[in-house]
Amino acid sequence: MKVLIVEDQVELAKNIEDYLIKEGFQTSIAPDFFTATDKLAAYEYDVVILDLMLPDGNGMDLLYSLRANRKSIGTLILSAKNSIDDKVRGLDAGADDYLGKPFHLLELASRLKAIYRTRKQESSNEIQLDKILIDTDKKEVKVGDELLDLTKKEYEMLLFFANNAKRVLTKQNIAEHLWGDFIDQSDSFDFVYQHIKNLRKKIQKATGTDLLETVYGVGYKLKTL
Amino acid sequence: MRLITKIVLIFLGLSFIVFIIGGVVTVQIISNEVKKEERWFLQERLRSTEKYIERRQPTRDIIRDKVIILPQQDSIEVDNIMFSDTIVYHSTLERPELHNKLEVGKKVEGRFYKITLYDIIIEQDDIVDGVIESLVKTYLLLFVVVLLGSWLLSRGLLKPFEDTLSAIKRFDIKENEPFNLPKTDTKEFKRLNEFIHQMSQKVMADYQSLKEFTENASHEIQTPISIAKGKLEILQNGNLDEEQKILVSEASKSLTNLSKLGNTLTLLAKIDNQEFEQKESVDVSNTLEDLLDEYEELIYLKGINLSKKVSEDIEWSIHPVLLEILITNLLNNAIKHNIPEGGFIKVYLKKNQLIIENSGKPLNHKPELLFARFKKGNQSSSSLGLGLAIIQKICKVSGLKINYINKEQLHQITIES
């Protein structure tokens, strides 16, 4: 997957790039509006990560022109203007997703993969995890032919693990991914443990193997099978 | 009291004093003039009296009304006319009056006479009466003219001032439009308008820069936090031992708190700046159901029992974003301050009432303090203590009434539209 990172903060862009390269993405950085337009004209990208506040222009304008001319490119807005109405405006303008700063890199990676999957529907909208098949189109999880009955949040959590297969996810990561703005940071995220326990039980019952691994003191990880 | 009334009253008071002094002066002047005339008149009479003496050459005293002729045996000083005042009984008025008196010695046909003449043309009190009457009438005229004039003038003269006042009243700092002040040729109002214009420009510029600062500060803070968080995350996925991983995870959590604090304060500032002013009719039932949906599993996982009674198609006039933030904060609050096991949350939505009830520890401070910024039930908790401040602010700008009741383990917040 080829990703263009439009972000004027060099440090942050480098951070994102480092992380995404490790995740197996191909990346390119555009620190301003002009470079971004230039690169978009010259190369093909699958997803553009777009910061709204650029030194020489507004990311929103870039979004409008992308939506008008290059419909196949996925877009994710990255902005410090982290209020709900900005989010709504960004999504209304045709962005695929919106992430407010600061964010977790694994959250970003997870969302990029989700955008990529929806955009490239013909290729893969299914993820295989051991015996489990996640259908991101129908939002269903199957073991063999059997449907695995998961709650909405359990499904999202499983997908989050699948999208970050090699990473350790902290309780905070999971809580923020599942509830986003709704979650209060002051909470101890003990209820995440409950969630994980339920998900583990359901998977183990269906497949006979435990898919998740506890990393003591930090969080959880998908088992390398 | 209106300025013009004050000016008129002061003017009338001053003119009253001037009129009194003027009256005294006028009486004085007229009296002097009359006295001068009387003296001329008496000298005129003196000549005819001399002619009378020449004809008659009296040897005895002649005492008549207003004339006394006393023949003298010895020689006396002659032609020494002396004027003085005297009080004589006035025959027609039948009372003593102040008369002008002329005394002189005369030598007529070799004889000496002492002649005394006195008369009066206008009495002193007539002069006073006349002056008072004319001045009172003039004063009344002045009074009426000034009142009428001030009433008519105040509309024209003070109109620029009234216009300026209403322009100030209409001024809205958020609209970022300079004052539209009326033109005037009165120097004072010109200065006032100039001053107000300059001041408004400065206030607007300050407001703008403060607003920009708040927005930029929030933006600029989020970016370094993002960078720091990113680095921590990369660190977390590296080769760290358990203890180090926990440290990194805690640092990351604190950073998230910091960022959340910035966002929340920006939100409060935005609400303060009335950036969410425009209201629309929002389906509260839908919003509430959607948010409860988001929370349902979370509430369940925390061992809290959720019961709800939500009437359908209930619409309130409020900014949709504010409504969402309001309900989110209320639910968060109800979850956060619930008791660990066996707690409950009850949500009711009726036509103009949203009630959220939850179990929780009894309050350890006054309920009024609950809505203060950074006030926390438990000071050691890492909660920001801004949730209820936001709830209250949203209610205030949206014209909603908020009521809080605490009975031991029961907390109830009612929002009324």
# chains A, B, ... in the order shown; residues from 1 in each chain; ligands from 1

call {"tool": "closest_atom_pairs", "arguments": {"of": "segment 236-260 of chain B", "to": "segment 156-177 of chain A", "cutoff": "9 Å", "atoms": "only C-alpha atoms", "output": "Markdown table"}}
result
| residue | atom | partner | partner_atom | distance |
| --- | --- | --- | --- | --- |
| B:Gln236 | CA | A:Val168 | CA | 8.2 |
| B:Asn237 | CA | A:Arg167 | CA | 6.8 |
| B:Ser249 | CA | A:Thr170 | CA | 7.7 |
| B:Lys253 | CA | A:Gln172 | CA | 7.6 |

call {"tool": "select_by_dssp", "arguments": {"residues": "segment 139-381 of chain B", "states": "strand (DSSP E)", "output": "ChimeraX atom specification"}}
result
/B:280-283,304-310,315-318,343-350,353-359

call {"tool": "closest_atom_pairs", "arguments": {"of": "segment 14-95 of chain A", "to": "segment 104-123 of chain A", "cutoff": "12 Å", "atoms": "only C-alpha atoms", "output": "tab-separated table"}}
result
residue	atom	partner	partner_atom	distance
A:Lys14	CA	A:Leu105	CA	11.8
A:Asn15	CA	A:Leu105	CA	8.5
A:Ile16	CA	A:Leu105	CA	6.8
A:Glu17	CA	A:Leu105	CA	10.0
A:Asp18	CA	A:Leu105	CA	10.1
A:Tyr19	CA	A:Leu105	CA	7.1
A:Leu20	CA	A:Ala109	CA	6.9
A:Ile21	CA	A:Ala109	CA	10.4
A:Lys22	CA	A:Ala109	CA	10.5
A:Glu23	CA	A:Ala109	CA	7.8
A:Gly24	CA	A:Ala109	CA	10.3
A:Phe25	CA	A:Ala109	CA	9.3
A:Tyr45	CA	A:Tyr116	CA	10.6
A:Asp46	CA	A:Tyr116	CA	6.9
A:Val47	CA	A:Tyr116	CA	7.0
A:Val48	CA	A:Leu112	CA	9.1
A:Ile49	CA	A:Leu112	CA	8.6
A:Leu50	CA	A:Leu112	CA	11.9
A:Lys71	CA	A:Arg119	CA	9.7
A:Ser72	CA	A:Arg119	CA	6.9
A:Ile73	CA	A:Arg119	CA	7.7
A:Gly74	CA	A:Ile115	CA	6.3
A:Thr75	CA	A:Ile115	CA	7.8
A:Leu76	CA	A:Leu112	CA	7.5
A:Ile77	CA	A:Leu108	CA	10.4
A:Leu78	CA	A:Leu108	CA	9.3
A:Ala95	CA	A:Ile115	CA	10.1

call {"tool": "residues_around", "arguments": {"residues": "segment 222-230 of chain B", "least_positions_apart": "3", "cutoff": "8 Å", "atoms": "only C-alpha atoms", "output": "list in words"}}
result
Gln9, Glu11, Leu12, Asn15, Ile16, Ala80, Lys101, Pro102, Phe103, His104 and Leu105 of chain A; Ser218, His219, Glu233, Ile234, Ser252, Leu255, Thr256 and Ser259 of chain B

call {"tool": "write_last_selection", "arguments": {"atoms": "all heavy atoms", "output": "compact mmCIF listing (two decimals), in the first residue's frame"}}
result
# COMPACT_ATOMS: atom_id res chain seq x y z
N GLN A 9 4.67 19.18 9.98
CA GLN A 9 5.57 18.94 11.10
C GLN A 9 6.50 17.78 10.74
O GLN A 9 6.08 16.62 10.73
CB GLN A 9 4.77 18.59 12.35
CG GLN A 9 3.98 19.75 12.91
CD GLN A 9 4.88 20.76 13.60
OE1 GLN A 9 5.89 20.37 14.17
NE2 GLN A 9 4.52 22.03 13.53
N GLU A 11 8.96 16.29 12.18
CA GLU A 11 9.14 15.26 13.21
C GLU A 11 8.00 14.26 13.20
O GLU A 11 8.21 13.05 13.23
CB GLU A 11 9.18 15.93 14.60
CG GLU A 11 10.54 16.42 15.02
CD GLU A 11 11.46 15.25 15.32
OE1 GLU A 11 11.20 14.54 16.30
OE2 GLU A 11 12.42 15.04 14.56
N LEU A 12 6.79 14.82 13.16
CA LEU A 12 5.61 13.98 13.20
C LEU A 12 5.53 13.12 11.94
O LEU A 12 5.25 11.92 11.99
CB LEU A 12 4.36 14.85 13.34
CG LEU A 12 3.05 14.10 13.53
CD1 LEU A 12 3.08 13.23 14.77
CD2 LEU A 12 1.88 15.06 13.59
N ASN A 15 7.91 10.32 12.20
CA ASN A 15 7.34 9.35 13.12
C ASN A 15 6.39 8.41 12.41
O ASN A 15 6.49 7.19 12.53
CB ASN A 15 6.52 10.10 14.19
CG ASN A 15 7.19 10.10 15.53
OD1 ASN A 15 8.31 9.61 15.64
ND2 ASN A 15 6.52 10.63 16.52
N ILE A 16 5.48 9.03 11.68
CA ILE A 16 4.46 8.24 10.97
C ILE A 16 5.13 7.34 9.94
O ILE A 16 4.84 6.16 9.84
CB ILE A 16 3.43 9.18 10.29
CG1 ILE A 16 2.67 9.99 11.34
CG2 ILE A 16 2.46 8.39 9.44
CD1 ILE A 16 1.80 11.09 10.76
N ALA A 80 -5.36 18.82 14.27
CA ALA A 80 -5.43 19.19 15.68
C ALA A 80 -6.78 19.81 15.99
O ALA A 80 -7.14 19.99 17.14
CB ALA A 80 -4.33 20.17 16.02
N LYS A 101 -5.37 14.90 16.42
CA LYS A 101 -4.08 14.80 17.11
C LYS A 101 -4.30 15.00 18.60
O LYS A 101 -5.14 15.81 18.98
CB LYS A 101 -3.14 15.90 16.62
CG LYS A 101 -2.61 15.68 15.22
CD LYS A 101 -1.74 16.86 14.86
CE LYS A 101 -1.35 16.83 13.38
NZ LYS A 101 -0.67 18.05 12.98
N PRO A 102 -3.61 14.35 19.47
CA PRO A 102 -2.63 13.31 19.16
C PRO A 102 -3.32 11.97 18.99
O PRO A 102 -4.43 11.79 19.45
CB PRO A 102 -1.75 13.31 20.41
CG PRO A 102 -2.68 13.73 21.49
CD PRO A 102 -3.71 14.62 20.89
N PHE A 103 -2.66 11.07 18.32
CA PHE A 103 -3.28 9.78 18.04
C PHE A 103 -2.24 8.70 18.27
O PHE A 103 -1.05 8.98 18.40
CB PHE A 103 -3.76 9.74 16.59
CG PHE A 103 -2.68 10.17 15.64
CD1 PHE A 103 -1.75 9.25 15.17
CD2 PHE A 103 -2.57 11.50 15.25
CE1 PHE A 103 -0.74 9.66 14.32
CE2 PHE A 103 -1.55 11.91 14.41
CZ PHE A 103 -0.63 10.99 13.94
N HIS A 104 -2.72 7.48 18.34
CA HIS A 104 -1.79 6.36 18.42
C HIS A 104 -1.44 5.94 17.02
O HIS A 104 -2.30 5.88 16.15
CB HIS A 104 -2.44 5.19 19.15
CG HIS A 104 -2.67 5.47 20.59
ND1 HIS A 104 -1.66 5.48 21.52
CD2 HIS A 104 -3.80 5.77 21.27
CE1 HIS A 104 -2.16 5.76 22.70
NE2 HIS A 104 -3.46 5.95 22.57
N LEU A 105 -0.16 5.65 16.81
CA LEU A 105 0.26 5.25 15.47
C LEU A 105 -0.43 3.97 15.03
O LEU A 105 -0.77 3.80 13.87
CB LEU A 105 1.79 5.08 15.44
CG LEU A 105 2.55 6.41 15.54
CD1 LEU A 105 4.02 6.15 15.74
CD2 LEU A 105 2.33 7.25 14.30
N SER B 218 -3.78 25.60 21.02
CA SER B 218 -4.31 24.25 21.08
C SER B 218 -3.70 23.41 19.95
O SER B 218 -3.26 22.28 20.16
CB SER B 218 -5.83 24.29 20.96
OG SER B 218 -6.29 23.10 20.39
N HIS B 219 -3.64 24.01 18.77
CA HIS B 219 -3.09 23.29 17.63
C HIS B 219 -1.62 22.98 17.85
O HIS B 219 -1.16 21.86 17.68
CB HIS B 219 -3.27 24.13 16.36
CG HIS B 219 -2.67 23.50 15.15
ND1 HIS B 219 -1.65 24.09 14.44
CD2 HIS B 219 -2.93 22.34 14.53
CE1 HIS B 219 -1.32 23.30 13.44
NE2 HIS B 219 -2.09 22.24 13.45
N GLU B 233 5.35 5.29 21.40
CA GLU B 233 4.75 4.08 20.84
C GLU B 233 5.79 3.21 20.16
O GLU B 233 5.78 1.99 20.28
CB GLU B 233 3.68 4.48 19.83
CG GLU B 233 2.43 3.66 19.98
CD GLU B 233 1.30 4.27 19.19
OE1 GLU B 233 1.13 5.52 19.23
OE2 GLU B 233 0.62 3.52 18.49
N ILE B 234 6.69 3.88 19.43
CA ILE B 234 7.76 3.14 18.77
C ILE B 234 8.63 2.48 19.82
O ILE B 234 9.03 1.32 19.71
CB ILE B 234 8.57 4.08 17.85
CG1 ILE B 234 7.69 4.49 16.66
CG2 ILE B 234 9.85 3.40 17.36
CD1 ILE B 234 8.25 5.62 15.84
N SER B 252 2.64 7.84 28.23
CA SER B 252 1.74 8.02 27.10
C SER B 252 0.34 8.41 27.58
O SER B 252 -0.32 9.28 27.00
CB SER B 252 1.69 6.73 26.29
OG SER B 252 0.64 6.75 25.38
N LEU B 255 0.27 12.01 28.58
CA LEU B 255 0.25 12.88 27.40
C LEU B 255 -1.17 12.98 26.84
O LEU B 255 -1.62 14.05 26.46
CB LEU B 255 1.19 12.32 26.32
CG LEU B 255 2.66 12.64 26.48
CD1 LEU B 255 3.45 11.99 25.36
CD2 LEU B 255 2.88 14.15 26.45
N THR B 256 -1.85 11.84 26.82
CA THR B 256 -3.23 11.86 26.34
C THR B 256 -4.09 12.76 27.20
O THR B 256 -4.91 13.53 26.70
CB THR B 256 -3.80 10.43 26.33
OG1 THR B 256 -2.86 9.57 25.72
CG2 THR B 256 -5.11 10.37 25.58
N SER B 259 -3.42 16.34 26.33
CA SER B 259 -4.05 16.73 25.07
C SER B 259 -5.54 16.90 25.25
O SER B 259 -6.16 17.82 24.72
CB SER B 259 -3.73 15.67 24.02
OG SER B 259 -4.87 15.27 23.36

call {"tool": "closest_residue", "arguments": {"among": "B:Ile345, B:Leu288, B:Gln43, B:Asn216", "to": "Asn263 of chain B", "atoms": "only C-alpha atoms"}}
result
B:Asn216

call {"tool": "decode", "arguments": {"residues": "segment 30-41 of chain A", "atoms": "all heavy atoms", "output": "PDB file, in the first residue's frame"}}
result
ATOM      1  N   ALA A  30       5.012  14.772   2.047  1.00  0.00           N
ATOM      2  CA  ALA A  30       4.884  16.099   1.436  1.00  0.00           C
ATOM      3  C   ALA A  30       4.685  17.106   2.559  1.00  0.00           C
ATOM      4  O   ALA A  30       3.669  17.062   3.249  1.00  0.00           O
ATOM      5  CB  ALA A  30       3.697  16.134   0.478  1.00  0.00           C
ATOM      6  N   PRO A  31       5.673  17.987   2.765  1.00  0.00           N
ATOM      7  CA  PRO A  31       5.565  18.893   3.912  1.00  0.00           C
ATOM      8  C   PRO A  31       4.673  20.110   3.666  1.00  0.00           C
ATOM      9  O   PRO A  31       4.412  20.873   4.582  1.00  0.00           O
ATOM     10  CB  PRO A  31       7.020  19.327   4.144  1.00  0.00           C
ATOM     11  CG  PRO A  31       7.664  19.200   2.809  1.00  0.00           C
ATOM     12  CD  PRO A  31       6.956  18.131   2.049  1.00  0.00           C
ATOM     13  N   ASP A  32       4.235  20.329   2.432  1.00  0.00           N
ATOM     14  CA  ASP A  32       3.365  21.478   2.187  1.00  0.00           C
ATOM     15  C   ASP A  32       2.381  21.190   1.059  1.00  0.00           C
ATOM     16  O   ASP A  32       2.434  20.161   0.403  1.00  0.00           O
ATOM     17  CB  ASP A  32       4.199  22.728   1.871  1.00  0.00           C
ATOM     18  CG  ASP A  32       5.206  22.462   0.783  1.00  0.00           C
ATOM     19  OD1 ASP A  32       4.810  21.883  -0.240  1.00  0.00           O
ATOM     20  OD2 ASP A  32       6.399  22.804   0.970  1.00  0.00           O
ATOM     21  N   PHE A  33       1.500  22.147   0.858  1.00  0.00           N
ATOM     22  CA  PHE A  33       0.423  22.029  -0.118  1.00  0.00           C
ATOM     23  C   PHE A  33       0.994  21.816  -1.522  1.00  0.00           C
ATOM     24  O   PHE A  33       0.563  20.941  -2.267  1.00  0.00           O
ATOM     25  CB  PHE A  33      -0.408  23.315  -0.081  1.00  0.00           C
ATOM     26  CG  PHE A  33      -1.688  23.243  -0.845  1.00  0.00           C
ATOM     27  CD1 PHE A  33      -2.856  22.807  -0.225  1.00  0.00           C
ATOM     28  CD2 PHE A  33      -1.742  23.613  -2.177  1.00  0.00           C
ATOM     29  CE1 PHE A  33      -4.043  22.746  -0.921  1.00  0.00           C
ATOM     30  CE2 PHE A  33      -2.930  23.542  -2.879  1.00  0.00           C
ATOM     31  CZ  PHE A  33      -4.080  23.100  -2.251  1.00  0.00           C
ATOM     32  N   PHE A  34       2.005  22.633  -1.848  1.00  0.00           N
ATOM     33  CA  PHE A  34       2.579  22.613  -3.188  1.00  0.00           C
ATOM     34  C   PHE A  34       3.176  21.234  -3.510  1.00  0.00           C
ATOM     35  O   PHE A  34       2.858  20.619  -4.539  1.00  0.00           O
ATOM     36  CB  PHE A  34       3.657  23.706  -3.297  1.00  0.00           C
ATOM     37  CG  PHE A  34       4.334  23.736  -4.637  1.00  0.00           C
ATOM     38  CD1 PHE A  34       3.681  24.299  -5.737  1.00  0.00           C
ATOM     39  CD2 PHE A  34       5.609  23.210  -4.809  1.00  0.00           C
ATOM     40  CE1 PHE A  34       4.295  24.330  -6.968  1.00  0.00           C
ATOM     41  CE2 PHE A  34       6.218  23.236  -6.045  1.00  0.00           C
ATOM     42  CZ  PHE A  34       5.565  23.803  -7.122  1.00  0.00           C
ATOM     43  N   THR A  35       4.035  20.739  -2.606  1.00  0.00           N
ATOM     44  CA  THR A  35       4.660  19.426  -2.810  1.00  0.00           C
ATOM     45  C   THR A  35       3.603  18.340  -2.934  1.00  0.00           C
ATOM     46  O   THR A  35       3.723  17.425  -3.761  1.00  0.00           O
ATOM     47  CB  THR A  35       5.595  19.098  -1.631  1.00  0.00           C
ATOM     48  OG1 THR A  35       6.280  20.274  -1.251  1.00  0.00           O
ATOM     49  CG2 THR A  35       6.585  18.029  -2.014  1.00  0.00           C
ATOM     50  N   ALA A  36       2.564  18.453  -2.095  1.00  0.00           N
ATOM     51  CA  ALA A  36       1.511  17.443  -2.099  1.00  0.00           C
ATOM     52  C   ALA A  36       0.839  17.391  -3.474  1.00  0.00           C
ATOM     53  O   ALA A  36       0.665  16.308  -4.052  1.00  0.00           O
ATOM     54  CB  ALA A  36       0.495  17.755  -1.007  1.00  0.00           C
ATOM     55  N   THR A  37       0.475  18.577  -4.001  1.00  0.00           N
ATOM     56  CA  THR A  37      -0.176  18.635  -5.315  1.00  0.00           C
ATOM     57  C   THR A  37       0.743  18.028  -6.380  1.00  0.00           C
ATOM     58  O   THR A  37       0.306  17.272  -7.253  1.00  0.00           O
ATOM     59  CB  THR A  37      -0.481  20.098  -5.694  1.00  0.00           C
ATOM     60  OG1 THR A  37      -0.745  20.829  -4.506  1.00  0.00           O
ATOM     61  CG2 THR A  37      -1.674  20.198  -6.601  1.00  0.00           C
ATOM     62  N   ASP A  38       2.002  18.386  -6.275  1.00  0.00           N
ATOM     63  CA  ASP A  38       3.016  17.913  -7.200  1.00  0.00           C
ATOM     64  C   ASP A  38       3.110  16.388  -7.200  1.00  0.00           C
ATOM     65  O   ASP A  38       3.043  15.730  -8.239  1.00  0.00           O
ATOM     66  CB  ASP A  38       4.361  18.522  -6.765  1.00  0.00           C
ATOM     67  CG  ASP A  38       5.259  18.746  -7.957  1.00  0.00           C
ATOM     68  OD1 ASP A  38       4.718  19.058  -9.044  1.00  0.00           O
ATOM     69  OD2 ASP A  38       6.483  18.592  -7.805  1.00  0.00           O
ATOM     70  N   LYS A  39       3.243  15.833  -5.999  1.00  0.00           N
ATOM     71  CA  LYS A  39       3.425  14.390  -5.880  1.00  0.00           C
ATOM     72  C   LYS A  39       2.178  13.630  -6.313  1.00  0.00           C
ATOM     73  O   LYS A  39       2.266  12.563  -6.914  1.00  0.00           O
ATOM     74  CB  LYS A  39       3.794  14.030  -4.435  1.00  0.00           C
ATOM     75  CG  LYS A  39       5.215  14.435  -4.099  1.00  0.00           C
ATOM     76  CD  LYS A  39       5.731  13.715  -2.875  1.00  0.00           C
ATOM     77  CE  LYS A  39       7.229  13.957  -2.767  1.00  0.00           C
ATOM     78  NZ  LYS A  39       7.830  13.343  -1.595  1.00  0.00           N
ATOM     79  N   LEU A  40       1.014  14.215  -5.979  1.00  0.00           N
ATOM     80  CA  LEU A  40      -0.229  13.547  -6.337  1.00  0.00           C
ATOM     81  C   LEU A  40      -0.399  13.498  -7.848  1.00  0.00           C
ATOM     82  O   LEU A  40      -0.989  12.568  -8.407  1.00  0.00           O
ATOM     83  CB  LEU A  40      -1.425  14.258  -5.691  1.00  0.00           C
ATOM     84  CG  LEU A  40      -1.670  13.896  -4.223  1.00  0.00           C
ATOM     85  CD1 LEU A  40      -2.676  14.838  -3.611  1.00  0.00           C
ATOM     86  CD2 LEU A  40      -2.163  12.455  -4.111  1.00  0.00           C
ATOM     87  N   ALA A  41       0.132  14.517  -8.522  1.00  0.00           N
ATOM     88  CA  ALA A  41       0.023  14.558  -9.982  1.00  0.00           C
ATOM     89  C   ALA A  41       0.984  13.551 -10.622  1.00  0.00           C
ATOM     90  O   ALA A  41       0.684  12.954 -11.649  1.00  0.00           O
ATOM     91  CB  ALA A  41       0.319  15.967 -10.484  1.00  0.00           C
TER      92      ALA A  41
END
